[in-house]
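Heads up, structure.tsv below (TSV, C-alpha atoms and all ligand atoms):
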chain	number	residue	atom	x	y	z
A	1	MET	CA	133.84	118.96	69.71
A	2	LYS	CA	132.18	122.00	68.21
A	3	ALA	CA	131.16	121.57	64.54
A	4	PHE	CA	133.18	123.59	62.03
A	5	ASP	CA	133.46	124.07	58.26
A	6	TYR	CA	136.52	122.29	56.91
A	7	ALA	CA	138.43	123.25	53.78
A	8	ILE	CA	141.69	121.97	52.35
A	9	ALA	CA	144.03	124.43	50.67
A	10	GLU	CA	146.06	122.99	47.81
A	11	ASN	CA	148.39	125.96	47.49
A	12	ARG	CA	149.35	129.23	49.12
A	13	ALA	CA	146.76	131.25	47.18
A	14	GLY	CA	144.01	128.88	48.36
A	15	ALA	CA	145.18	129.20	51.97
A	16	LEU	CA	145.23	133.00	51.78
A	17	ALA	CA	141.80	133.13	50.14
A	18	ALA	CA	140.45	131.05	53.04
A	19	LEU	CA	142.14	133.29	55.62
A	20	LYS	CA	140.45	136.26	53.99
A	21	ARG	CA	137.12	134.51	54.67
A	22	GLU	CA	138.14	134.14	58.34
A	23	TYR	CA	139.17	130.47	58.19
A	24	LYS	CA	141.69	129.42	60.84
A	25	PRO	CA	144.78	127.65	59.42
A	26	LYS	CA	145.47	124.11	60.61
A	27	ALA	CA	148.99	122.77	60.14
A	28	GLY	CA	149.52	119.55	62.17
A	29	GLY	CA	146.38	120.38	64.14
A	30	ILE	CA	147.81	119.20	67.49
A	31	ASP	CA	147.01	122.43	69.30
A	32	LEU	CA	144.23	123.80	67.12
A	33	LEU	CA	142.08	120.67	67.46
A	34	ASP	CA	142.67	120.62	71.22
A	35	MET	CA	141.55	124.23	71.39
A	36	LEU	CA	138.42	123.42	69.36
A	37	LYS	CA	137.64	120.37	71.51
A	38	GLU	CA	138.10	122.42	74.64
A	39	ARG	CA	135.79	125.05	73.07
A	40	ILE	CA	138.36	127.75	73.76
A	41	GLU	CA	138.95	128.33	70.05
A	42	LYS	CA	135.68	129.82	68.79
A	43	SER	CA	136.34	129.70	65.06
A	44	GLU	CA	133.72	127.88	63.02
A	45	LYS	CA	135.94	127.60	59.93
A	46	VAL	CA	139.18	125.66	59.56
A	47	VAL	CA	141.45	125.39	56.52
A	48	ALA	CA	144.02	122.60	56.42
A	49	ILE	CA	147.29	123.87	54.96
A	50	HIS	CA	149.37	120.67	55.23
A	51	GLN	CA	149.22	120.06	51.46
A	52	VAL	CA	150.76	123.42	50.54
A	53	LYS	CA	154.07	122.16	49.15
A	54	ASP	CA	156.07	125.39	49.12
A	55	LEU	CA	155.62	125.80	52.88
A	56	LYS	CA	157.75	122.77	53.79
A	57	GLY	CA	161.50	122.27	53.73
A	58	ILE	CA	164.90	123.18	55.16
A	59	SER	CA	167.63	125.01	53.26
A	60	GLU	CA	170.99	126.56	54.02
A	61	GLU	CA	172.58	129.20	51.83
A	62	ASN	CA	175.43	131.66	52.42
A	63	GLY	CA	175.55	131.02	56.15
A	64	ALA	CA	171.78	131.47	56.61
A	65	LEU	CA	169.25	128.80	57.53
A	66	MET	CA	165.64	128.77	56.35
A	67	ILE	CA	162.96	126.52	57.82
A	68	LEU	CA	159.57	126.58	56.14
A	69	PRO	CA	156.71	126.55	58.65
A	70	LEU	CA	155.15	123.18	57.77
A	71	THR	CA	158.42	121.34	58.36
A	72	THR	CA	157.80	118.96	61.24
A	73	LEU	CA	159.65	118.89	64.55
A	74	ARG	CA	160.97	115.42	63.63
A	75	GLU	CA	162.32	116.66	60.29
A	76	ILE	CA	164.09	119.62	61.90
A	77	GLY	CA	165.39	117.57	64.83
A	78	GLU	CA	166.82	114.87	62.55
A	79	SER	CA	168.16	117.20	59.85
A	80	ASP	CA	171.95	116.83	59.49
A	81	VAL	CA	172.25	120.49	58.49
A	82	VAL	CA	170.36	121.74	61.53
A	83	LYS	CA	172.22	119.36	63.87
A	84	LYS	CA	175.56	120.59	62.57
A	85	LYS	CA	174.81	124.29	62.15
A	86	PHE	CA	172.28	125.06	64.88
A	87	ALA	CA	172.30	122.39	67.58
A	88	ALA	CA	170.00	124.40	69.88
A	89	LEU	CA	167.23	124.33	67.27
A	90	SER	CA	167.65	120.64	66.55
A	91	ASP	CA	167.66	119.76	70.27
A	92	SER	CA	164.68	122.01	71.00
A	93	CYS	CA	162.66	119.94	68.50
A	94	LEU	CA	163.91	116.56	69.70
A	95	GLU	CA	163.14	117.48	73.33
A	96	ALA	CA	159.53	118.42	72.50
A	97	ALA	CA	156.55	116.16	73.13
A	98	SER	CA	156.62	112.51	71.95
A	99	PRO	CA	157.85	110.88	68.69
A	100	GLN	CA	154.24	110.61	67.46
A	101	ILE	CA	153.58	114.32	68.05
A	102	ARG	CA	156.92	115.40	66.57
A	103	GLU	CA	156.01	113.48	63.39
A	104	VAL	CA	152.95	115.70	62.85
A	105	ALA	CA	153.63	118.99	64.68
A	106	SER	CA	154.94	121.80	62.50
A	107	ALA	CA	157.55	124.45	63.30
A	108	GLY	CA	155.09	127.28	62.61
A	109	GLY	CA	152.35	125.70	64.73
A	110	ASN	CA	154.85	125.14	67.53
A	111	LEU	CA	155.75	128.84	67.71
A	112	LEU	CA	152.06	129.76	67.53
A	113	GLN	CA	150.64	127.21	70.02
A	114	ARG	CA	148.50	128.69	72.76
A	115	PRO	CA	149.35	128.65	76.50
A	116	ARG	CA	148.78	125.58	78.67
A	117	CYS	CA	147.51	127.48	81.76
A	118	TRP	CA	144.90	125.10	83.18
A	119	TYR	CA	142.46	127.93	83.88
A	120	PHE	CA	142.79	129.13	80.27
A	121	ARG	CA	142.27	125.59	78.97
A	122	SER	CA	139.17	124.97	81.08
A	123	GLN	CA	135.76	126.19	80.01
A	124	GLU	CA	134.88	126.57	83.67
A	125	PHE	CA	137.14	129.58	84.18
A	126	ASN	CA	136.46	132.78	82.30
A	127	CYS	CA	139.80	134.32	83.12
A	128	LEU	CA	141.31	137.64	82.00
A	129	LYS	CA	142.80	136.09	78.87
A	130	LYS	CA	139.32	135.01	77.76
A	131	GLY	CA	137.75	138.39	78.49
A	132	GLY	CA	136.86	137.70	82.13
A	133	GLY	CA	137.62	139.86	85.13
A	134	GLN	CA	140.45	138.06	86.95
A	135	CYS	CA	143.54	135.91	86.65
A	136	PHE	CA	142.74	132.78	88.66
A	137	ALA	CA	146.44	131.86	88.86
A	138	VAL	CA	147.23	134.78	91.17
A	139	ASP	CA	145.53	133.25	94.21
A	140	GLY	CA	145.18	129.75	92.79
A	141	GLU	CA	147.35	126.87	91.58
A	142	ASN	CA	150.32	128.65	90.05
A	143	ARG	CA	153.20	126.21	90.35
A	144	TYR	CA	153.66	126.03	86.58
A	145	HIS	CA	153.06	129.74	85.95
A	146	ALA	CA	155.48	132.56	85.22
A	147	ILE	CA	158.40	133.51	87.45
A	148	PHE	CA	159.14	136.59	85.30
A	149	GLY	CA	156.87	139.44	84.16
A	150	GLU	CA	154.35	141.54	85.96
A	151	GLY	CA	151.11	140.17	84.57
A	152	PRO	CA	148.27	140.87	84.42
A	153	CYS	CA	148.27	137.34	82.93
A	154	HIS	CA	150.94	134.93	84.20
A	155	ILE	CA	151.16	132.26	81.49
A	156	VAL	CA	154.43	130.68	80.45
A	157	HIS	CA	155.11	130.46	76.74
A	158	PRO	CA	154.86	126.73	75.93
A	159	SER	CA	156.97	126.47	72.76
A	160	ASN	CA	160.30	124.61	72.77
A	161	LEU	CA	161.31	126.23	69.49
A	162	ALA	CA	160.67	129.76	70.70
A	163	PRO	CA	163.78	130.18	72.94
A	164	ALA	CA	166.03	128.78	70.17
A	165	PHE	CA	164.29	131.03	67.62
A	166	VAL	CA	165.02	134.12	69.76
A	167	ALA	CA	168.56	133.05	70.80
A	168	GLY	CA	169.43	132.38	67.15
A	169	ARG	CA	168.30	135.91	66.24
A	170	GLY	CA	165.70	134.47	63.90
A	171	GLU	CA	162.96	136.17	61.97
A	172	VAL	CA	159.68	135.10	60.39
A	173	LYS	CA	158.13	136.06	57.12
A	174	ALA	CA	154.36	136.51	56.98
A	175	VAL	CA	151.93	137.33	54.18
A	176	ASN	CA	148.40	138.58	54.61
A	177	ALA	CA	145.24	137.95	52.62
A	178	ALA	CA	145.89	141.10	50.56
A	179	GLY	CA	149.29	139.64	49.55
A	180	GLU	CA	151.32	142.08	51.68
A	181	GLU	CA	154.50	140.55	53.08
A	182	ARG	CA	156.40	141.52	56.21
A	183	VAL	CA	159.42	140.26	58.13
A	184	ILE	CA	159.25	140.18	61.91
A	185	LYS	CA	162.36	139.75	64.04
A	186	ALA	CA	162.15	137.13	66.81
A	187	ASP	CA	162.66	139.79	69.48
A	188	ASP	CA	159.55	141.62	68.20
A	189	PHE	CA	157.39	138.56	67.49
A	190	PHE	CA	156.27	137.56	70.98
A	191	VAL	CA	154.50	140.04	73.24
A	192	MET	CA	153.90	140.39	76.95
A	193	PRO	CA	150.32	140.35	78.33
A	194	ASP	CA	150.44	144.00	79.39
A	195	ARG	CA	150.72	144.84	75.68
A	196	SER	CA	148.52	142.11	74.27
A	197	LEU	CA	146.33	140.14	76.64
A	198	TYR	CA	144.55	137.93	74.11
A	199	ALA	CA	147.42	136.98	71.79
A	200	GLU	CA	150.98	135.89	72.53
A	201	ASN	CA	152.50	137.20	69.29
A	202	VAL	CA	151.99	139.93	66.72
A	203	LEU	CA	150.77	137.73	63.83
A	204	GLU	CA	147.37	138.96	62.58
A	205	ASP	CA	144.45	136.57	62.02
A	206	ASP	CA	144.65	137.02	58.24
A	207	GLU	CA	148.40	136.41	58.08
A	208	LEU	CA	150.07	133.18	57.07
A	209	LEU	CA	153.53	132.36	58.38
A	210	THR	CA	155.63	131.51	55.32
A	211	ALA	CA	159.21	131.19	56.59
A	212	ILE	CA	161.33	131.01	59.74
A	213	SER	CA	164.87	132.07	59.03
A	214	PHE	CA	168.20	132.63	60.71
A	215	PRO	CA	170.20	135.16	58.67
A	216	LYS	CA	173.44	134.44	60.55
A	217	LEU	CA	174.05	130.95	61.92
A	218	PRO	CA	175.47	130.69	65.45
A	219	GLU	CA	179.10	129.74	66.01
A	220	ARG	CA	177.98	127.69	69.02
A	221	SER	CA	174.58	126.87	70.48
A	222	ALA	CA	172.75	124.54	72.83
A	223	PHE	CA	169.26	123.96	74.22
A	224	VAL	CA	168.58	122.38	77.59
A	225	ALA	CA	165.15	121.42	78.90
A	226	ILE	CA	164.37	120.46	82.47
A	227	LYS	CA	161.21	118.39	82.74
A	228	GLU	CA	159.17	116.96	85.56
A	229	LYS	CA	159.19	113.61	83.78
A	230	GLN	CA	161.54	112.80	80.92
A	231	GLY	CA	158.77	111.28	78.76
A	232	PHE	CA	156.53	113.55	76.74
A	233	ASP	CA	155.68	116.78	78.45
A	234	TRP	CA	156.40	120.48	78.25
A	235	PRO	CA	159.57	121.51	80.11
A	236	ILE	CA	159.22	123.32	83.44
A	237	ALA	CA	162.29	125.40	82.56
A	238	SER	CA	164.50	125.55	79.50
A	239	CYS	CA	167.29	127.64	78.06
A	240	ALA	CA	168.68	128.23	74.58
A	241	ALA	CA	172.13	129.78	74.37
A	242	ALA	CA	173.66	130.83	71.05
A	243	LEU	CA	176.82	132.72	70.14
A	244	VAL	CA	175.79	134.79	67.13
A	245	ASP	CA	178.14	137.32	65.56
A	246	GLY	CA	180.44	137.09	68.60
A	247	LYS	CA	177.67	137.81	71.12
A	248	TRP	CA	175.97	135.34	73.46
A	249	ASN	CA	172.18	135.25	73.34
A	250	VAL	CA	170.74	133.59	76.44
A	251	VAL	CA	167.00	132.97	76.33
A	252	LEU	CA	164.92	131.20	78.96
A	253	GLY	CA	161.84	129.22	77.98
A	254	HIS	CA	158.75	128.06	79.89
A	255	VAL	CA	159.21	130.57	82.73
A	256	ALA	CA	157.64	133.77	81.34
A	257	PRO	CA	154.78	134.79	79.02
A	258	LYS	CA	157.32	135.04	76.19
A	259	PRO	CA	160.81	133.65	75.61
A	260	TRP	CA	162.77	135.55	78.25
A	261	ARG	CA	166.05	137.15	77.19
A	262	ALA	CA	168.45	137.04	80.15
A	263	ALA	CA	170.03	140.43	79.46
A	264	ALA	CA	172.14	140.49	82.66
A	265	ALA	CA	173.70	137.13	81.76
A	266	GLU	CA	174.36	138.29	78.19
A	267	GLU	CA	176.14	141.40	79.51
A	268	LEU	CA	178.34	139.32	81.77
A	269	LEU	CA	179.38	137.19	78.81
A	270	ALA	CA	180.36	140.12	76.58
A	271	GLY	CA	183.61	139.41	74.73
A	272	VAL	CA	183.71	135.73	75.81
A	273	LYS	CA	183.53	132.88	73.29
A	274	GLU	CA	183.89	129.80	75.46
A	275	VAL	CA	182.21	129.71	78.85
A	276	ASP	CA	183.78	127.83	81.78
A	277	ASN	CA	181.98	126.53	84.85
A	278	GLU	CA	182.70	129.60	86.99
A	279	LEU	CA	181.40	132.05	84.37
A	280	ALA	CA	178.41	129.85	83.52
A	281	THR	CA	177.47	129.78	87.22
A	282	ARG	CA	177.72	133.56	87.50
A	283	ALA	CA	175.75	134.07	84.29
A	284	ALA	CA	173.06	131.70	85.56
A	285	GLU	CA	172.78	133.66	88.82
A	286	ALA	CA	172.52	136.92	86.87
A	287	ALA	CA	169.83	135.40	84.62
A	288	VAL	CA	167.42	134.82	87.52
A	289	LYS	CA	168.25	137.75	89.76
A	290	ASP	CA	165.09	139.62	88.67
A	291	ALA	CA	162.77	136.62	88.97
A	292	GLU	CA	159.52	137.38	90.78
A	293	PRO	CA	157.99	134.00	91.59
A	294	MET	CA	154.33	133.64	92.50
A	295	SER	CA	153.05	132.07	95.73
A	296	ARG	CA	153.73	128.43	94.71
A	297	ASN	CA	156.47	128.46	92.09
A	298	GLU	CA	159.64	129.71	93.75
A	299	TRP	CA	161.12	126.20	93.31
A	300	ARG	CA	161.34	126.82	89.55
A	301	VAL	CA	163.85	129.70	89.95
A	302	ALA	CA	166.59	127.17	90.78
A	303	LEU	CA	165.61	125.11	87.73
A	304	ALA	CA	165.74	128.14	85.43
A	305	LYS	CA	169.18	128.93	86.85
A	306	ALA	CA	170.37	125.36	86.26
A	307	SER	CA	169.08	125.41	82.67
A	308	VAL	CA	171.15	128.54	81.90
A	309	ARG	CA	174.35	127.11	83.40
A	310	ARG	CA	173.89	123.81	81.58
A	311	ALA	CA	173.06	125.42	78.21
A	312	LEU	CA	176.16	127.65	78.34
A	313	LEU	CA	178.45	124.75	79.26
A	314	LYS	CA	176.87	122.46	76.66
A	315	ALA	CA	177.26	125.13	73.95
A	316	SER	CA	180.90	125.57	74.98
A	317	GLY	CA	181.56	121.85	74.60
A	318	LYS	CA	182.06	121.33	78.35
A	319	GLU	CA	180.68	118.75	80.79
A	320	TRP	CA	177.20	120.19	81.45
A	321	ILE	CA	175.18	117.88	83.70
A	401	LIG	C1	151.13	115.54	75.07
A	401	LIG	C2	151.73	116.74	74.42
A	401	LIG	C3	153.01	117.13	74.79
A	401	LIG	C4	153.59	118.26	74.20
A	401	LIG	N1	154.84	118.64	74.58
A	401	LIG	C5	155.42	119.74	74.02
A	401	LIG	C6	156.72	120.16	74.38
A	401	LIG	O1	157.40	119.55	75.18
A	401	LIG	N2	157.22	121.28	73.79
A	401	LIG	C7	156.51	121.97	72.85
A	401	LIG	O2	157.01	122.96	72.32
A	401	LIG	N3	155.28	121.61	72.49
A	401	LIG	C8	154.72	120.51	73.04
A	401	LIG	N4	153.46	120.12	72.67
A	401	LIG	C9	152.70	120.99	71.74
A	401	LIG	C10	152.90	120.63	70.30
A	401	LIG	O3	154.28	120.54	69.98
A	401	LIG	C11	152.26	121.76	69.48
A	401	LIG	O4	150.88	121.73	69.72
A	401	LIG	C12	152.54	121.61	68.01
A	401	LIG	O5	153.91	121.87	67.76
A	401	LIG	C13	151.70	122.59	67.21
A	401	LIG	O6	152.02	122.41	65.85
A	401	LIG	P1	150.86	122.05	64.81
A	401	LIG	O7	151.49	121.98	63.47
A	401	LIG	O8	150.10	120.84	65.24
A	401	LIG	O9	149.99	123.37	64.93
A	401	LIG	P2	148.42	123.56	64.78
A	401	LIG	O10	147.72	122.97	65.95
A	401	LIG	O11	147.97	123.17	63.43
A	401	LIG	O12	148.36	125.16	64.86
A	401	LIG	C14	148.69	125.85	66.05
A	401	LIG	C15	148.32	127.32	65.84
A	401	LIG	O13	149.14	127.89	64.81
A	401	LIG	C16	148.35	128.39	63.74
A	401	LIG	N5	149.14	128.10	62.54
A	401	LIG	C17	149.76	126.93	62.23
A	401	LIG	N6	150.51	127.10	61.12
A	401	LIG	C18	150.34	128.38	60.72
A	401	LIG	C19	150.89	129.16	59.65
A	401	LIG	N7	151.76	128.67	58.77
A	401	LIG	N8	150.51	130.46	59.53
A	401	LIG	C20	149.65	131.01	60.44
A	401	LIG	N9	149.13	130.31	61.48
A	401	LIG	C21	149.47	129.03	61.61
A	401	LIG	C22	147.02	127.66	63.84
A	401	LIG	O14	145.97	128.41	63.28
A	401	LIG	C23	146.89	127.51	65.36
A	401	LIG	O15	146.41	128.72	65.90
A	401	LIG	C24	152.88	118.99	73.21
A	401	LIG	C25	151.59	118.58	72.83
A	401	LIG	C26	151.03	117.46	73.43
A	401	LIG	C27	149.66	117.05	72.99
A	402	LIG	S1	147.58	133.10	83.81
A	402	LIG	FE1	146.53	134.09	82.10
A	402	LIG	S2	145.52	132.42	81.10
A	402	LIG	FE2	146.00	131.72	83.18
A	402	LIG	S3	144.25	132.27	84.49
A	402	LIG	FE3	145.65	133.98	84.55
A	402	LIG	S4	144.86	135.34	82.94
A	402	LIG	FE4	144.05	133.32	82.51
With the file now loaded, output its structure as structure tokens.
Ligand SMILES: Cc1cc2nc3c(=O)[nH]c(=O)nc-3n(C[C@H](O)[C@H](O)[C@H](O)COP(=O)(O)OP(=O)(O)OC[C@H]3O[C@@H](n4cnc5c(N)ncnc54)[C@H](O)[C@@H]3O)c2cc1C
Ligand code: SF4
Amino acid sequence: MKAFDYAIAENRAGALAALKREYKPKAGGIDLLDMLKERIEKSEKVVAIHQVKDLKGISEENGALMILPLTTLREIGESDVVKKKFAALSDSCLEAASPQIREVASAGGNLLQRPRCWYFRSQEFNCLKKGGGQCFAVDGENRYHAIFGEGPCHIVHPSNLAPAFVAGRGEVKAVNAAGEERVIKADDFFVMPDRSLYAENVLEDDELLTAISFPKLPERSAFVAIKEKQGFDWPIASCAAALVDGKWNVVLGHVAPKPWRAAAAEELLAGVKEVDNELATRAAEAAVKDAEPMSRNEWRVALAKASVRRALLKASGKEWI
């Protein structure tokens, strides 16, 4: 592990002052410490923000849900309000990692975790995303890489929360070291590598995530993850489906560099509230029709398709396995 300066922020002002001095915020630290150990994260300054009290909690008011970013995956997954009002979000947390990790991992850190591409995570490979000259996944081991998107980097976004965040038409609030606040809609938060090769979202280094909110709760929703092993591991395909304001939002996870909105499936479902098996199957086919698998990951197209069908049936209260 590389040595780094360590500070503990007691409140939001302390955290922002540290960010201004180029400290990297640590919430649960699950990903950040990995990145430091792997020497991929180069920061020499870390500020722990876990003691900042007004960054933790869940509240529901006037049909809107607010999750503060230090709330853990366990707290969100087990929250009665979230279970009842936004099942996809609750399930996305309960399906992530292991009980021990969910106890520590925060919602904000989950959305902001870095990709798991094994070339990115290894010091041995100076790939495009780290400023090198090539993407090793193109001609290399790419079975867990993207089946959507045109590169030049072919990561899959690793977050379980991210598809539910996008399907629920969420937004985040961020504040920078100068105290300027902004709200970013989920659809604008994550970015493709052709727009931003080195970062997976638009949050600036001096910005602190201060809230994750859902202005209009879904009438129905579900999250389905398909994993290689059902113990702790990232899914190999997932889907969050949510009926918000009378419109289905169908978002694939773990198959593209960002949560992947299945626009063709959403179009097919226009005007429908409850999805039956026939429509779910057609929507699932539409969702993957533009998939462009790499040399070794075509097998994941069928899994992405299955996750869409299952999520729509589950959200509609039908038999889904
Ligand atoms: C074995 C294993 C299995 C896993 N399986 C899954 C899985 O199935 N699904 C899944 O989604 N994840 C999985 N994970 C990843 C894990 O859930 C994430 O690493 C974790 O959620 C990150 O949260 P954290 O609070 O620890 O973030 P940290 O590691 O503290 O931070 C992550 C990043 O976010 C930044 N950050 C954190 N909070 C803020 C904030 N408020 N404002 C600005 N920046 C901030 C940090 O600077 C850092 O860059 C797994 C991890 C392991 C080790
Ligand atoms: S997929 Fe992205 S992170 Fe992985 S090797 Fe290619 S450029 Fe690097």
By how many Å are CA of Ser213 in chain A and atom O2 of ligand LIG 401 (chain A) apart?
17.9 Å
Considering all atoms listed in the file, give me a table of residues in chain A that are at most 7 Å from ligand LIG 401 (chain A), with the closest atom pair and distance in Å for each, as a Markdown table.
| residue | atom | partner | partner_atom | distance |
| --- | --- | --- | --- | --- |
| A:Lys24 | CA | A:LIG401 | O14 | 5.0 |
| A:Pro25 | CA | A:LIG401 | O14 | 4.1 |
| A:Lys26 | CA | A:LIG401 | O11 | 3.9 |
| A:Ala27 | CA | A:LIG401 | O11 | 3.5 |
| A:Gly28 | CA | A:LIG401 | O8 | 3.4 |
| A:Gly29 | CA | A:LIG401 | O11 | 3.3 |
| A:Ile30 | CA | A:LIG401 | O8 | 3.6 |
| A:Asp31 | CA | A:LIG401 | O10 | 3.5 |
| A:Leu32 | CA | A:LIG401 | O10 | 3.8 |
| A:Leu33 | CA | A:LIG401 | O10 | 6.3 |
| A:Pro69 | CA | A:LIG401 | N7 | 5.4 |
| A:Leu70 | CA | A:LIG401 | N7 | 6.5 |
| A:Glu95 | CA | A:LIG401 | O1 | 6.4 |
| A:Ala96 | CA | A:LIG401 | O1 | 3.6 |
| A:Ala97 | CA | A:LIG401 | N1 | 3.3 |
| A:Ser98 | CA | A:LIG401 | C3 | 6.5 |
| A:Ile101 | CA | A:LIG401 | O3 | 6.6 |
| A:Arg102 | CA | A:LIG401 | O3 | 6.7 |
| A:Val104 | CA | A:LIG401 | O8 | 6.3 |
| A:Ala105 | CA | A:LIG401 | O7 | 3.9 |
| A:Ser106 | CA | A:LIG401 | O7 | 3.6 |
| A:Ala107 | CA | A:LIG401 | O5 | 6.3 |
| A:Gly108 | CA | A:LIG401 | N6 | 4.8 |
| A:Gly109 | CA | A:LIG401 | O9 | 3.3 |
| A:Asn110 | CA | A:LIG401 | O5 | 3.4 |
| A:Leu112 | CA | A:LIG401 | O13 | 4.4 |
| A:Gln113 | CA | A:LIG401 | C14 | 4.6 |
| A:Pro158 | CA | A:LIG401 | O2 | 5.6 |
| A:Ser159 | CA | A:LIG401 | O2 | 3.5 |
| A:Asn160 | CA | A:LIG401 | O2 | 3.7 |
| A:Leu161 | CA | A:LIG401 | O2 | 6.1 |
| A:Glu207 | CA | A:LIG401 | C20 | 6.0 |
| A:Leu208 | CA | A:LIG401 | N8 | 3.7 |
| A:Leu209 | CA | A:LIG401 | N8 | 3.7 |
| A:Thr210 | CA | A:LIG401 | N7 | 5.9 |
| A:Phe232 | CA | A:LIG401 | C3 | 5.4 |
| A:Asp233 | CA | A:LIG401 | N1 | 4.4 |
| A:Trp234 | CA | A:LIG401 | O1 | 3.4 |
| A:Pro235 | CA | A:LIG401 | O1 | 5.7 |
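For Lys84 in chain A, the set of protein, DNA and RNA residues having any atom at most 12 Å away, when counting all atoms listed in the file and skipping those fewer than 4 positions along the same chain, is Glu60, Leu65, Ile76, Gly77, Glu78, Ser79, Asp80, Ala88, Leu89, Ser90, Asp91, Leu217, Pro218, Glu219, Arg220, Ser221 and Ala222 of chain A.
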If you count only C-alpha atoms, which residues fall within 9 Å of Ile8 in chain A, apart from same-chain ones fewer than 6 positions away, as a list in words?
Gly14, Ala15, Val46, Val47, Ala48, Ile49, His50 and Gln51 of chain A
Kindly work out which residues sit at most 6 Å from ligand LIG 402 (chain A), using all atoms listed in the file, and give the list as a ChimeraX atom specification.
/A:117,119-120,127-129,135-137,153-155
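Taking CA of Ser92 in chain A and CA of Glu141 in chain A as the two end points, the separation is 27.3 Å.
Among the candidates A:Arg296, A:Arg21, A:Arg39, A:Lys45, the residue lying nearest to Tyr6 in chain A is A:Lys45 (atoms considered: all atoms listed in the file).
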At a cut-off of 9 Å, using all atoms listed in the file, what residues contact Gly168 in chain A? Leave out same-chain residues fewer than 2 positions from it and give the result as a PyMOL selection string.
chain A and resi 86+88-89+163-166+170+186+214-218+221+240-244+249
At a cut-off of 10 Å, using only C-alpha atoms, what residues contact Ala3 in chain A? Leave out same-chain residues fewer than 4 positions from it and give the result as a PyMOL selection string.
chain A and resi 36-37+43-45
Correct to one decimal, the distance CA of Asp34 in chain A-CA of Asp188 in chain A is 27.1 Å
Contacts of Val224 in chain A at 7 Å or less, counting all atoms listed in the file, minus same-chain residues fewer than 3 places along, as a ChimeraX atom specification?
/A:238-240,307,310-311
Take the residues from that selection and write them out as a JSON list (two decimals), in the coordinates of the input, keeping C-alpha atoms.
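Full text of result-v3.json as output:
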[["chain", "number", "residue", "atom", "x", "y", "z"],
["A", 238, "SER", "CA", 164.50, 125.55, 79.50],
["A", 239, "CYS", "CA", 167.29, 127.64, 78.06],
["A", 240, "ALA", "CA", 168.68, 128.23, 74.58],
["A", 307, "SER", "CA", 169.08, 125.41, 82.67],
["A", 310, "ARG", "CA", 173.89, 123.81, 81.58],
["A", 311, "ALA", "CA", 173.06, 125.42, 78.21]]
Using only the atoms of range 52-67 of chain A listed in the file, plus 5 Å on each side, state the axis-aligned box centre and edge lengths in Å rounded to one decimal, as lines of an AutoDock Vina configuration file.
center_x = 163.2
center_y = 126.9
center_z = 53.5
size_x = 34.8
size_y = 19.5
size_z = 18.7
Top pick for closest residue to Trp118 in chain A, considering A:Ile67, A:Ala264, A:Ile40, A:Val251 and counting all atoms listed in the file:
A:Ile40
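Nearest residue to Glu22 in chain A among A:Gln123, A:Met192, A:Lys42, A:Lys247 is A:Lys42, counting only C-alpha atoms.
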Between A:Gly132, A:Gly140, A:Gly246, A:Gly253, smallest distance to Ala225 in chain A by all atoms listed in the file belongs to A:Gly253
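Distance annotation: of A:Lys2, A:Lys20, A:Glu204, A:Leu252, the residue with the minimal separation from Ile184 in chain A is A:Glu204; atom set is only C-alpha atoms.
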Would you please work out which residue, of A:Glu171, A:Cys93, A:Ala304, A:Arg74, is nearest to Ile212 in chain A when using all atoms listed in the file?
A:Glu171
Closest atom pairs, residues of range 157-257 of chain A within 9 Å of range 144-149 of chain A, all atoms listed in the file, as a Markdown table:
| residue | atom | partner | partner_atom | distance |
| --- | --- | --- | --- | --- |
| A:His157 | CA | A:Ala146 | CA | 8.7 |
| A:Met192 | CA | A:Gly149 | CA | 7.9 |
| A:Pro193 | CA | A:Gly149 | CA | 8.8 |
| A:Ile236 | CA | A:Tyr144 | CA | 6.9 |
| A:His254 | CA | A:Ala146 | CA | 7.7 |
| A:Val255 | CA | A:Ala146 | CA | 4.9 |
| A:Ala256 | CA | A:Ala146 | CA | 4.6 |
| A:Pro257 | CA | A:Ala146 | CA | 6.6 |
Is it possible to add N, CA and C atoms to range 117-123 of chain A and hand it back as a JSON list (two decimals), keeping the file's coordinate frame?
[["chain", "number", "residue", "atom", "x", "y", "z"],
["A", 117, "CYS", "N", 148.11, 127.14, 80.45],
["A", 117, "CYS", "CA", 147.51, 127.48, 81.76],
["A", 117, "CYS", "C", 146.20, 126.71, 81.92],
["A", 118, "TRP", "N", 146.08, 125.95, 83.03],
["A", 118, "TRP", "CA", 144.90, 125.10, 83.18],
["A", 118, "TRP", "C", 143.61, 125.88, 83.34],
["A", 119, "TYR", "N", 143.68, 127.12, 83.79],
["A", 119, "TYR", "CA", 142.46, 127.93, 83.88],
["A", 119, "TYR", "C", 142.06, 128.39, 82.47],
["A", 120, "PHE", "N", 143.07, 128.73, 81.66],
["A", 120, "PHE", "CA", 142.79, 129.13, 80.27],
["A", 120, "PHE", "C", 142.18, 127.96, 79.50],
["A", 121, "ARG", "N", 142.70, 126.76, 79.74],
["A", 121, "ARG", "CA", 142.27, 125.59, 78.97],
["A", 121, "ARG", "C", 140.94, 125.01, 79.46],
["A", 122, "SER", "N", 140.43, 125.50, 80.57],
["A", 122, "SER", "CA", 139.17, 124.97, 81.08],
["A", 122, "SER", "C", 138.03, 125.94, 80.80],
["A", 123, "GLN", "N", 136.95, 125.37, 80.29],
["A", 123, "GLN", "CA", 135.76, 126.19, 80.01],
["A", 123, "GLN", "C", 135.16, 126.80, 81.28]]
